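Trainee: To start, I am sharing the structure in question, which I have written as C-alpha coordinates.
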Amino acid sequence: MELPIEKRIEYHSTLSTGSYITIVADFDNTTLGSDALGKAGRRAELVGTEVAREFLKELNSRACLDKYAADQIVSFSSLADGESEFTVLEIQKHKTTNIWIIKHFIDRNIMLDSIGTKTAIKII
(Lines give C-alpha, C1' and ligand atoms only; values in the text may rest on other atoms or scores of the structure.)
Protein backbone atom coordinates (compact mmCIF):
# COMPACT_ATOMS: atom_id res chain seq x y z
CA MET A 1 0.00 0.00 0.00
CA GLU A 2 1.37 3.37 -0.94
CA LEU A 3 0.46 6.36 1.16
CA PRO A 4 0.66 9.98 0.08
CA ILE A 5 3.57 11.64 1.84
CA GLU A 6 4.11 15.36 2.08
CA LYS A 7 7.62 16.39 3.06
CA ARG A 8 8.31 19.96 4.00
CA ILE A 9 11.61 21.43 5.14
CA GLU A 10 11.48 24.94 6.54
CA TYR A 11 14.16 27.17 7.95
CA HIS A 12 13.30 29.98 10.33
CA SER A 13 15.41 32.49 12.17
CA THR A 14 15.05 31.73 15.90
CA LEU A 15 16.95 31.98 19.16
CA SER A 16 17.21 28.17 19.27
CA THR A 17 20.50 26.71 18.13
CA GLY A 18 18.99 23.28 17.46
CA SER A 19 16.56 21.64 15.10
CA TYR A 20 12.88 20.82 15.53
CA ILE A 21 11.37 17.84 13.76
CA THR A 22 7.71 16.83 13.57
CA ILE A 23 5.97 13.80 12.07
CA VAL A 24 2.19 13.96 11.60
CA ALA A 25 -0.11 11.31 10.14
CA ASP A 26 -3.72 12.17 9.27
CA PHE A 27 -6.19 9.28 9.22
CA ASP A 28 -9.95 9.17 8.62
CA ASN A 29 -10.82 9.50 12.32
CA THR A 30 -7.69 10.75 14.06
CA THR A 31 -4.29 12.36 13.72
CA LEU A 32 -1.12 10.99 15.32
CA GLY A 33 2.12 12.84 15.77
CA SER A 34 5.54 12.97 17.34
CA ASP A 35 8.14 15.69 17.65
CA ALA A 36 11.46 16.55 19.25
CA LEU A 37 13.59 19.62 19.76
CA GLY A 38 17.28 19.31 19.07
CA LYS A 39 20.07 21.29 20.68
CA ALA A 40 23.44 22.68 19.74
CA GLY A 41 25.91 19.90 19.03
CA ARG A 42 23.26 17.22 18.46
CA ARG A 43 22.93 16.20 14.84
CA ALA A 44 19.50 16.69 13.29
CA GLU A 45 19.70 13.10 12.00
CA LEU A 46 19.70 11.84 15.60
CA VAL A 47 16.74 14.06 16.45
CA GLY A 48 14.94 12.70 13.39
CA THR A 49 15.67 9.10 14.42
CA GLU A 50 14.26 9.81 17.90
CA VAL A 51 11.10 11.34 16.42
CA ALA A 52 10.64 8.45 13.98
CA ARG A 53 11.00 5.83 16.75
CA GLU A 54 8.47 7.60 18.97
CA PHE A 55 6.07 8.02 16.05
CA LEU A 56 6.31 4.33 15.12
CA LYS A 57 5.57 3.36 18.74
CA GLU A 58 2.41 5.49 18.62
CA LEU A 59 1.40 4.20 15.18
CA ASN A 60 2.03 0.53 15.95
CA SER A 61 0.11 0.76 19.24
CA ARG A 62 -3.08 1.37 17.22
CA ALA A 63 -4.22 3.78 19.94
CA CYS A 64 -6.81 6.42 19.02
CA LEU A 65 -4.71 9.35 20.19
CA ASP A 66 -1.04 10.06 20.69
CA LYS A 67 0.11 10.85 24.22
CA TYR A 68 0.02 14.62 23.73
CA ALA A 69 -3.37 14.81 22.03
CA ALA A 70 -4.87 12.71 24.81
CA ASP A 71 -3.79 15.34 27.37
CA GLN A 72 -5.87 17.93 25.54
CA ILE A 73 -8.88 15.73 24.78
CA VAL A 74 -9.38 14.69 28.41
CA SER A 75 -10.18 18.30 29.35
CA PHE A 76 -12.57 18.91 26.46
CA SER A 77 -14.27 15.52 26.81
CA SER A 78 -14.88 16.23 30.49
CA LEU A 79 -16.83 19.35 29.53
CA ALA A 80 -18.83 17.66 26.76
CA ASP A 81 -22.24 16.08 27.25
CA GLY A 82 -22.41 12.28 27.29
CA GLU A 83 -19.69 9.70 27.61
CA SER A 84 -16.30 9.72 25.90
CA GLU A 85 -13.85 6.88 25.48
CA PHE A 86 -10.53 6.62 23.67
CA THR A 87 -7.25 4.73 23.86
CA VAL A 88 -3.73 6.04 24.32
CA LEU A 89 -0.34 4.33 24.36
CA GLU A 90 1.09 6.02 27.46
CA ILE A 91 -0.33 7.53 30.60
CA GLN A 92 2.19 10.19 31.54
CA LYS A 93 2.41 12.05 34.84
CA HIS A 94 1.05 15.17 33.14
CA LYS A 95 -2.08 13.27 32.10
CA THR A 96 -2.67 11.84 35.60
CA THR A 97 -2.27 15.33 37.06
CA ASN A 98 -4.73 16.69 34.48
CA ILE A 99 -7.26 13.98 35.39
CA TRP A 100 -6.81 14.69 39.12
CA ILE A 101 -7.48 18.40 38.58
CA ILE A 102 -10.53 17.76 36.39
CA LYS A 103 -12.05 15.46 39.02
CA HIS A 104 -11.76 18.28 41.58
CA PHE A 105 -13.57 20.85 39.43
CA ILE A 106 -16.04 18.86 37.34
CA ASP A 107 -18.40 16.14 38.52
CA ARG A 108 -17.26 13.49 36.04
CA ASN A 109 -15.92 10.00 36.58
CA ILE A 110 -12.70 9.35 34.65
CA MET A 111 -11.60 5.72 34.52
CA LEU A 112 -8.37 4.21 33.21
CA ASP A 113 -8.35 0.60 32.03
CA SER A 114 -5.33 -1.29 30.66
CA ILE A 115 -5.94 -3.04 27.35
CA GLY A 116 -2.76 -4.87 26.38
CA THR A 117 -0.10 -2.22 25.79
CA LYS A 118 -2.66 0.61 25.61
CA THR A 119 -4.85 2.34 28.16
CA ALA A 120 -8.51 3.16 27.62
CA ILE A 121 -9.69 6.44 29.14
CA LYS A 122 -13.42 6.59 29.76
CA ILE A 123 -15.20 9.73 30.90
CA ILE A 124 -18.71 9.26 32.28
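Following the order of the C-alpha coordinates, first chain is A, next is B, and so on, with residues numbered from 1 inside each chain and ligands from 1 in the order they appear.
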Neighbouring residues of Pro4 in chain A were defined as those with any atom within 12 Å, considering only C-alpha atoms; residues of the same chain fewer than 6 positions away were excluded. Please report them as a PyMOL selection string.
Mentor: chain A and resi 25-27
Trainee: If you run DSSP over the backbone, which residues in chain A end up alpha helix (DSSP H)? Put them as a VMD selection string.
Mentor: chain A and resid 44 to 61 67 to 79 93 to 105
Trainee: Go through A:Ile9, A:Ile115, A:Ile110, A:Ala36 and flag the residue nearest Asn98 in chain A, using only C-alpha atoms for the distances.
Mentor: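 Smallest distance to Asn98 in chain A is found for A:Ile110.
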Trainee: Write out as an MDAnalysis selection string which residues come within 12 Å of Ile99 in chain A when counting only C-alpha atoms, dropping same-chain ones fewer than 5 positions away.
Mentor: chainID A and resid 70:78 91:94 104:112 121:123
Trainee: Do you know which residues are at most 10 Å from range 12-24 of chain A counting only C-alpha atoms, after dropping those on the same chain fewer than 6 positions away, and could you put them as a ChimeraX atom specification?
Mentor: /A:6,31-45,47-52,54-56
Trainee: Report, in Å with one decimal, the straight-line distance from CA of Ser84 in chain A to CA of Ile124 in chain A.
Mentor: 6.8 Å
Trainee: Give the answer as one residue: which of A:Lys95, A:Asp113, A:Glu83, A:Leu89 has the shortest atom-to-atom distance to Glu58 in chain A, using only C-alpha atoms?
Mentor: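 Selected residue with least distance to Glu58 in chain A: A:Leu89.
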Trainee: Using DSSP assignments from the backbone, pull out every residue in range 37-104 of chain A that falls under strand (DSSP E) and give it to me as a list of chain:residue names.
Mentor: A:Leu37, A:Ser84, A:Glu85, A:Phe86, A:Thr87, A:Val88
